[in-house]
Amino acid sequence: MKATFCTRREICALFLFLTVFVLISVLHHMDILEFQPKFNSNIIMPRVSTHPNMIRSFCTFQPLSPEDALEERLILDSTAWPETPLLPAPISLQQTSDPAHSNFTILPGRKGGQWHVGDQLEVMIQTSDFQGRPKKSGGDFLLASLHNRKLEAGVAGQVVDHLNGSYSAVFSLLWEGDAQVEVILVHPGEAISVLNRLNREQPDRMYYKSLFRSGSLSETTLCNACLRPTQQPLCNYTDLRTGEPWFCYKPKSLSCDARINHFRAGSKANLLNANENKLFQSGVNLKVYIRASGPSSVSVLPQREGQLKEKSSTVTSGPSGYYYQGVWRALGGTTVRKFNASTISQCLKGKVVHMYGDSTIRQWFEFFDATLPGLKEFDLHSLRRTGPYMSLDYANNIFVTYRCHGPPIHYYSMSTRELRYIANELDDLVGGPNTVVVFGIWAHFGSFPMEIYIRRLQSIRRAVVGLLDRAPGTLVVIRTANPRYLDLFVSLINSDWYSLQRDKVLRAIFKGLNVHLIDAWEMTLAHHLPHNIHPPPPIIRSMINYLLSNICPQNGG
Ligand SMILES: *[C@@H]1O[C@H](CO)[C@@H](O)[C@H](O)[C@H]1NC(C)=O
Ligand SMILES: *[C@@H]1O[C@H](CO)[C@@H](O)[C@H](O)[C@H]1NC(C)=O
Ligand SMILES: *[C@@H]1O[C@H](CO)[C@@H](O)[C@H](O)[C@H]1NC(C)=O
Ligand SMILES: *[C@@H]1O[C@H](CO)[C@@H](O)[C@H](O)[C@H]1NC(C)=O
């Protein structure tokens with residue numbers, strides 16, 4: 001449904017004001033989205049096609065094998081989000097979920113209000129709208145976690161949508177003592193519908209550009225995986241090995257071969273109307289805590305003797321780990337040890353660690369660089385934050401590299417020669433027992449159709465399978481997505497909802513492979529520190545400890 005604006009002069013003025021306001025807040029938030037503060041002001045506004053059938057046709061998807069196509073369909077089905085009934089236009093906030101009017105209740109449990117370590121805790125969440133009327137439909141995005149600040153303990157809960165306005169959150173009780181329930185409304189269902197629609201109708205709302213240059217001529221044009229057709233011819237930079245699509249409008253006087261760099265050039269402003277913007281208000285209905293209707297914590301007693309772990313009837317899978325005394329304890333079999341500079345060096349002795357992905361992987365490279373005294377970054381004259389980077393420790397024969405993933409990538413400016421797809425990089429590796437491959441690729445895909453992400457991961461998986469086949473000793477570690485700080489601007493590009501959906505895809509695609517997943521999602525959710533796209537040092541340290549515990553499972557490394 002498209003609202004028609006600018007029918008009256010006052011509305012036009014308001015609209016202009018909002019445009020300027022949104023643009024200012026875009027500028028203000030550049031660095032939060034991992035952008036550098038430089039901002040290119042001459043954004044080309046492509047002609048927008050409103051024909052419904054055009055919506056997807058300007059995103060190119062390479063053909064898939066029958067197996068991959070089937071997998072894609074199953075994944076798309078399994079990640080389908082409950083539909084939120086359309087509100088009558090104009091959208092009014094009144095009938096959407098209001099965290100201030102919603103509440104949760106700790107259920108007494110099977111043992112009548114007594115909980116022991118090993119039990120499950122179940123919480124019923126009832127959502128209500130801004131007028132206090134209980135909601136009758138589902139689709140809200142809620143996050144739940146259990147904490148004990150004194151013990152530095154925390155675990156993520158699992159939320160089940162009953163599709164009738166109520167939700168369950170289920171927690172594993174893993175420590176003795178108090179356990180405080182936290183429930184957050186990330187987005188009301190109506191906001192999810194908006195996010196979903198944006199990816200269908202505006203998959204090109206992030207702007208990327210390339211500079212073309214030859215001799216004294218230079219020209220800059222707009223580039224994207226989803227480039228709207230105009231009269232202008234396209235340059236097709238689809239990767240011949242992986243089939244990853246990428247296009248730029250052809251410069252008028254230069255050839256497609258004259259493309260020398262890639263950079264993000266901002267994002268489209270005023271994507272939503274004023275009413276839709278209200279669905280994303282910090283402090284109102286965007287990442288806001290929901291209160292308890294009664295007590296919000298329970299006291300957990302020691303494990304009973306001979307007690308079996310309680311199985312939940314509501315959820316089938318448990319958490320992947322939890323914090324206790326500030327240390328992440330994985331529940332999947334890996335014993336997580338604490339590493340210091342000298343035990344890290346011992347563990348990595350003789351190893352090469354290749355890291356690929358977005359800035360959340362770069363954080364790991366930076367951690368090693370800052371922590372290991374023997375590891376020295378070799379100056380490749382790379383641009384700050386963009387990379388590539390490499391570090392060497394000659395004494396211990398340690399080699400660590402970082403390289404960002406191929407487009408779409410929001411980095412400010414990169415040579416086209418540095419635009420590499422992870423799958424191609426992996427195909428070029430020898431691998432072996434001294435090689436560790438780490439990647440994390442999620443944050444730059446939020447605004448694109450899911451098909452683009454699925455295909456990207458399918459091509460990486462093909463490369464991982466090949467690598468493990470020819471060099472079975474290679475260790476492959478994948479970092480998942482994590483929740484982040486959100487406001488309106490960030491939500492429309494990289495909401496936690498986009499990340500959650502992509503995270504499900506990642507887990508599905510690499511399921512059953514001999515790879516190690518580092519559950520950044522739960523490690524962030526279970527921690528008491530605020531969500532941040534770049535998790536703060538204690539969380540990074542936990543991730544690194546887990547990574548190293550996978551690289552060096554025995555004592556002493
Ligand atoms: C919603 O569904 C759940 C699960 O079936 C049920 O326990 C709950 O009572 C229902 N709530 C309402 C308000 O109908
Ligand atoms: C772009 O190039 C790829 C690889 O050569 C080709 O398969 C694809 O059809 C081309 N796309 C367009 C829109 O020309
Ligand atoms: C919790 O929400 C329910 C449903 O809206 C409402 O009936 C109840 O009064 C609320 N409890 C508190 C303590 O606000
Ligand atoms: C690092 O940890 C090891 C093993 O736990 C310990 O023996 C050593 O003293 C620690 N080194 C430093 C510098 O803390």
# chains A, B, ... in the order shown; residues from 1 in each chain; ligands from 1
$ residues_around --residues "Gly154 (chain A)" --least-positions-apart "4" --cutoff "8 Å" --atoms "only C-alpha atoms" --output "PyMOL selection string"
chain A and resi 145-148+322-324+526-528
$ select_by_dssp --residues "region 449-527 of chain A" --states "helix (DSSP H, G or I)" --output "ChimeraX atom specification"
/A:450-470,488-494,496-509,520-525
$ write_last_selection --atoms "N, CA and C atoms" --output "compact mmCIF listing (two decimals), in the first residue's frame"
# COMPACT_ATOMS: atom_id res chain seq x y z
N MET A 450 16.60 -12.72 0.57
CA MET A 450 17.25 -13.86 1.20
C MET A 450 17.96 -14.75 0.17
N GLU A 451 17.43 -14.80 -1.05
CA GLU A 451 18.03 -15.66 -2.08
C GLU A 451 19.51 -15.32 -2.28
N ILE A 452 19.85 -14.05 -2.18
CA ILE A 452 21.24 -13.66 -2.40
C ILE A 452 22.12 -14.24 -1.30
N TYR A 453 21.61 -14.21 -0.07
CA TYR A 453 22.39 -14.76 1.05
C TYR A 453 22.48 -16.28 0.95
N ILE A 454 21.38 -16.92 0.61
CA ILE A 454 21.38 -18.38 0.49
C ILE A 454 22.41 -18.82 -0.54
N ARG A 455 22.41 -18.15 -1.71
CA ARG A 455 23.35 -18.53 -2.77
C ARG A 455 24.79 -18.26 -2.36
N ARG A 456 25.00 -17.16 -1.63
CA ARG A 456 26.36 -16.87 -1.17
C ARG A 456 26.86 -18.01 -0.28
N LEU A 457 25.98 -18.43 0.64
CA LEU A 457 26.41 -19.48 1.57
C LEU A 457 26.53 -20.83 0.87
N GLN A 458 25.68 -21.08 -0.10
CA GLN A 458 25.81 -22.34 -0.84
C GLN A 458 27.15 -22.39 -1.57
N SER A 459 27.59 -21.25 -2.10
CA SER A 459 28.88 -21.26 -2.81
C SER A 459 30.03 -21.40 -1.81
N ILE A 460 29.89 -20.81 -0.64
CA ILE A 460 30.94 -20.98 0.37
C ILE A 460 30.97 -22.43 0.85
N ARG A 461 29.78 -23.01 1.02
CA ARG A 461 29.74 -24.40 1.47
C ARG A 461 30.41 -25.33 0.46
N ARG A 462 30.15 -25.10 -0.82
CA ARG A 462 30.81 -25.91 -1.85
C ARG A 462 32.32 -25.84 -1.68
N ALA A 463 32.83 -24.64 -1.40
CA ALA A 463 34.27 -24.47 -1.24
C ALA A 463 34.76 -25.13 0.05
N VAL A 464 33.96 -25.05 1.11
CA VAL A 464 34.34 -25.68 2.38
C VAL A 464 34.40 -27.20 2.22
N VAL A 465 33.39 -27.75 1.56
CA VAL A 465 33.36 -29.20 1.34
C VAL A 465 34.59 -29.62 0.54
N GLY A 466 34.94 -28.85 -0.49
CA GLY A 466 36.11 -29.16 -1.30
C GLY A 466 37.39 -29.09 -0.48
N LEU A 467 37.49 -28.07 0.35
CA LEU A 467 38.68 -27.89 1.19
C LEU A 467 38.82 -29.04 2.17
N LEU A 468 37.72 -29.42 2.84
CA LEU A 468 37.78 -30.50 3.82
C LEU A 468 38.05 -31.85 3.14
N ASP A 469 37.64 -31.95 1.87
CA ASP A 469 37.86 -33.16 1.10
C ASP A 469 39.34 -33.33 0.77
N ARG A 470 39.97 -32.24 0.30
CA ARG A 470 41.37 -32.39 -0.12
C ARG A 470 42.32 -32.25 1.05
N LEU A 488 15.82 3.56 14.41
CA LEU A 488 15.05 3.48 13.16
C LEU A 488 15.98 3.24 11.97
N PHE A 489 17.00 4.06 11.87
CA PHE A 489 17.87 3.98 10.69
C PHE A 489 18.55 2.62 10.57
N VAL A 490 19.13 2.15 11.68
CA VAL A 490 19.82 0.87 11.64
C VAL A 490 18.82 -0.26 11.35
N SER A 491 17.62 -0.14 11.94
CA SER A 491 16.62 -1.21 11.77
C SER A 491 16.30 -1.47 10.31
N LEU A 492 16.23 -0.41 9.53
CA LEU A 492 15.78 -0.58 8.15
C LEU A 492 16.85 -1.22 7.27
N ILE A 493 18.08 -1.25 7.74
CA ILE A 493 19.18 -1.84 6.97
C ILE A 493 19.63 -3.17 7.59
N ASN A 494 19.74 -3.18 8.90
CA ASN A 494 20.38 -4.32 9.56
C ASN A 494 19.71 -4.63 10.89
N ASP A 496 17.96 -6.63 13.87
CA ASP A 496 18.20 -7.96 14.43
C ASP A 496 17.29 -9.00 13.77
N TRP A 497 16.15 -8.53 13.30
CA TRP A 497 15.26 -9.49 12.64
C TRP A 497 15.89 -9.99 11.35
N TYR A 498 16.47 -9.08 10.56
CA TYR A 498 17.19 -9.52 9.36
C TYR A 498 18.32 -10.48 9.75
N SER A 499 19.03 -10.15 10.82
CA SER A 499 20.17 -10.98 11.23
C SER A 499 19.69 -12.35 11.72
N LEU A 500 18.61 -12.36 12.50
CA LEU A 500 18.08 -13.63 13.00
C LEU A 500 17.69 -14.54 11.85
N GLN A 501 17.01 -13.98 10.86
CA GLN A 501 16.56 -14.79 9.72
C GLN A 501 17.75 -15.34 8.95
N ARG A 502 18.79 -14.49 8.77
CA ARG A 502 19.98 -14.95 8.06
C ARG A 502 20.76 -15.97 8.89
N ASP A 503 20.71 -15.79 10.20
CA ASP A 503 21.38 -16.74 11.07
C ASP A 503 20.77 -18.13 10.96
N LYS A 504 19.44 -18.18 10.83
CA LYS A 504 18.77 -19.47 10.66
C LYS A 504 19.25 -20.13 9.36
N VAL A 505 19.41 -19.31 8.31
CA VAL A 505 19.86 -19.83 7.02
C VAL A 505 21.28 -20.39 7.15
N LEU A 506 22.13 -19.62 7.80
CA LEU A 506 23.52 -20.05 7.99
C LEU A 506 23.58 -21.40 8.69
N ARG A 507 22.82 -21.53 9.77
CA ARG A 507 22.84 -22.78 10.54
C ARG A 507 22.30 -23.93 9.71
N ALA A 508 21.27 -23.67 8.91
CA ALA A 508 20.70 -24.73 8.08
C ALA A 508 21.70 -25.17 7.01
N ILE A 509 22.38 -24.23 6.40
CA ILE A 509 23.25 -24.57 5.27
C ILE A 509 24.50 -25.33 5.72
N ALA A 520 27.70 -16.55 18.23
CA ALA A 520 27.78 -15.15 18.65
C ALA A 520 26.41 -14.62 19.07
N TRP A 521 25.37 -15.18 18.49
CA TRP A 521 24.01 -14.74 18.83
C TRP A 521 23.74 -14.96 20.32
N GLU A 522 23.92 -16.20 20.77
CA GLU A 522 23.64 -16.49 22.18
C GLU A 522 24.69 -15.87 23.10
N MET A 523 25.93 -15.80 22.62
CA MET A 523 26.98 -15.22 23.48
C MET A 523 26.71 -13.74 23.74
N THR A 524 26.02 -13.09 22.82
CA THR A 524 25.68 -11.68 23.01
C THR A 524 24.40 -11.55 23.84
N LEU A 525 23.43 -12.39 23.51
CA LEU A 525 22.14 -12.33 24.20
C LEU A 525 22.27 -12.73 25.67
$ residues_near_ligand --ligand "ligand 2" --cutoff "9 Å" --atoms "only C-alpha atoms and all ligand atoms" --output "ChimeraX atom specification"
/A:58,60,62-63,234-240,243-247
$ residues_around --residues "Lys287 (chain A)" --least-positions-apart "2" --cutoff "9 Å" --atoms "only C-alpha atoms" --output "number ranges by chain"
A: 142-143, 184-187, 281-285, 289, 485-487
$ residues_near_ligand --ligand "ligand 3" --cutoff "12 Å" --atoms "only C-alpha atoms and all ligand atoms" --output "number ranges by chain"
A: 97-106, 124-136, 165-166, 290-296
$ write_last_selection --atoms "C-alpha atoms" --output "short mmCIF file (atom, residue, chain, number, x, y, z; two decimals), in the first residue's frame"
data_model
loop_
_atom_site.label_atom_id
_atom_site.label_comp_id
_atom_site.auth_asym_id
_atom_site.auth_seq_id
_atom_site.Cartn_x
_atom_site.Cartn_y
_atom_site.Cartn_z
CA SER A 97 2.08 -4.24 20.46
CA ASP A 98 3.05 -1.90 23.25
CA PRO A 99 5.74 -3.24 25.58
CA ALA A 100 4.47 -0.94 28.33
CA HIS A 101 1.07 -2.66 28.22
CA SER A 102 2.47 -6.16 27.75
CA ASN A 103 3.75 -8.37 30.52
CA PHE A 104 5.20 -11.76 31.30
CA THR A 105 4.46 -14.27 34.04
CA ILE A 106 6.72 -16.98 35.38
CA MET A 124 4.23 -16.80 29.47
CA ILE A 125 4.34 -13.46 27.68
CA GLN A 126 1.09 -11.69 26.91
CA THR A 127 1.31 -8.81 24.47
CA SER A 128 -1.18 -5.96 24.46
CA ASP A 129 -1.64 -2.92 22.22
CA PHE A 130 -1.29 0.76 23.10
CA GLN A 131 -4.86 0.82 24.35
CA GLY A 132 -4.18 -2.09 26.69
CA ARG A 133 -6.18 -4.63 24.71
CA PRO A 134 -4.56 -8.08 24.56
CA LYS A 135 -3.24 -8.86 21.08
CA LYS A 136 -4.91 -11.74 19.28
CA GLY A 165 -0.83 -12.78 21.11
CA SER A 166 0.88 -14.90 23.72
CA ILE A 290 8.62 -6.00 28.90
CA ARG A 291 7.70 -5.97 32.59
CA ALA A 292 6.83 -8.95 34.73
CA SER A 293 3.25 -9.17 35.98
CA GLY A 294 4.56 -10.62 39.25
CA PRO A 295 8.04 -11.73 40.32
CA SER A 296 10.64 -11.54 37.55
#
$ closest_residue --among "A:Leu372, A:Ala269, A:Val123, A:Val183" --to "ligand 4" --atoms "only C-alpha atoms and all ligand atoms"
A:Leu372
$ residues_near_ligand --ligand "ligand 4" --cutoff "8 Å" --atoms "only C-alpha atoms and all ligand atoms" --output "count of residues only"
7
$ closest_residue --among "A:Trp328, A:Pro66, A:Phe448, A:Ser495" --to "Cys226 (chain A)" --atoms "only C-alpha atoms"
A:Phe448
$ residues_around --residues "Gly374 (chain A)" --least-positions-apart "2" --cutoff "9 Å" --atoms "only C-alpha atoms" --output "list in words"
Ser345, Leu372, Lys376, Leu392, Asp393, Tyr394, Ala395 and Asn396 of chain A
$ residues_around --residues "Leu380 (chain A)" --least-positions-apart "4" --cutoff "9 Å" --atoms "only C-alpha atoms" --output "list of chain:residue names"
A:Gly387, A:Pro388, A:Tyr389, A:Met390
$ residues_around --residues "region 547-554 of chain A" --least-positions-apart "6" --cutoff "7 Å" --atoms "only C-alpha atoms" --output "PyMOL selection string"
chain A and resi 334-337+347
$ write_last_selection --atoms "C-alpha atoms" --output "tab-separated table (two decimals), in the first residue's frame"
chain	number	residue	atom	x	y	z
A	334	THR	CA	33.80	-28.49	23.64
A	335	THR	CA	35.35	-27.69	27.00
A	336	VAL	CA	36.11	-23.99	26.89
A	337	ARG	CA	39.41	-23.03	28.49
A	347	CYS	CA	48.16	-22.93	20.77
$ residues_around --residues "region 313-318 of chain A" --least-positions-apart "2" --cutoff "8 Å" --atoms "only C-alpha atoms" --output "number ranges by chain"
A: 158, 160, 168, 170, 172, 311, 320
$ closest_residue --among "A:Asn277, A:Thr480, A:Asn224, A:Asn199" --to "Ile409 (chain A)" --atoms "only C-alpha atoms"
A:Asn224
$ select_by_dssp --residues "region 228-317 of chain A" --states "strand (DSSP E or B)" --output "ChimeraX atom specification"
/A:234-236,247-249,259,261-267,282,286,288-292,297-301
$ atom_distance --atom1 "CA of Met543 (chain A)" --atom2 "CA of Gly473 (chain A)"
21.8 Å
$ closest_residue --among "A:Thr242, A:Asn545, A:Gln180, A:Thr360" --to "Ser299 (chain A)" --atoms "only C-alpha atoms"
A:Gln180
$ closest_residue --among "A:Asp77, A:Glu425, A:Asp519, A:Asp369" --to "Arg241 (chain A)" --atoms "only C-alpha atoms"
A:Glu425
$ closest_residue --among "A:His116, A:Val155, A:Leu163, A:Tyr421" --to "ligand 1" --atoms "only C-alpha atoms and all ligand atoms"
A:Leu163
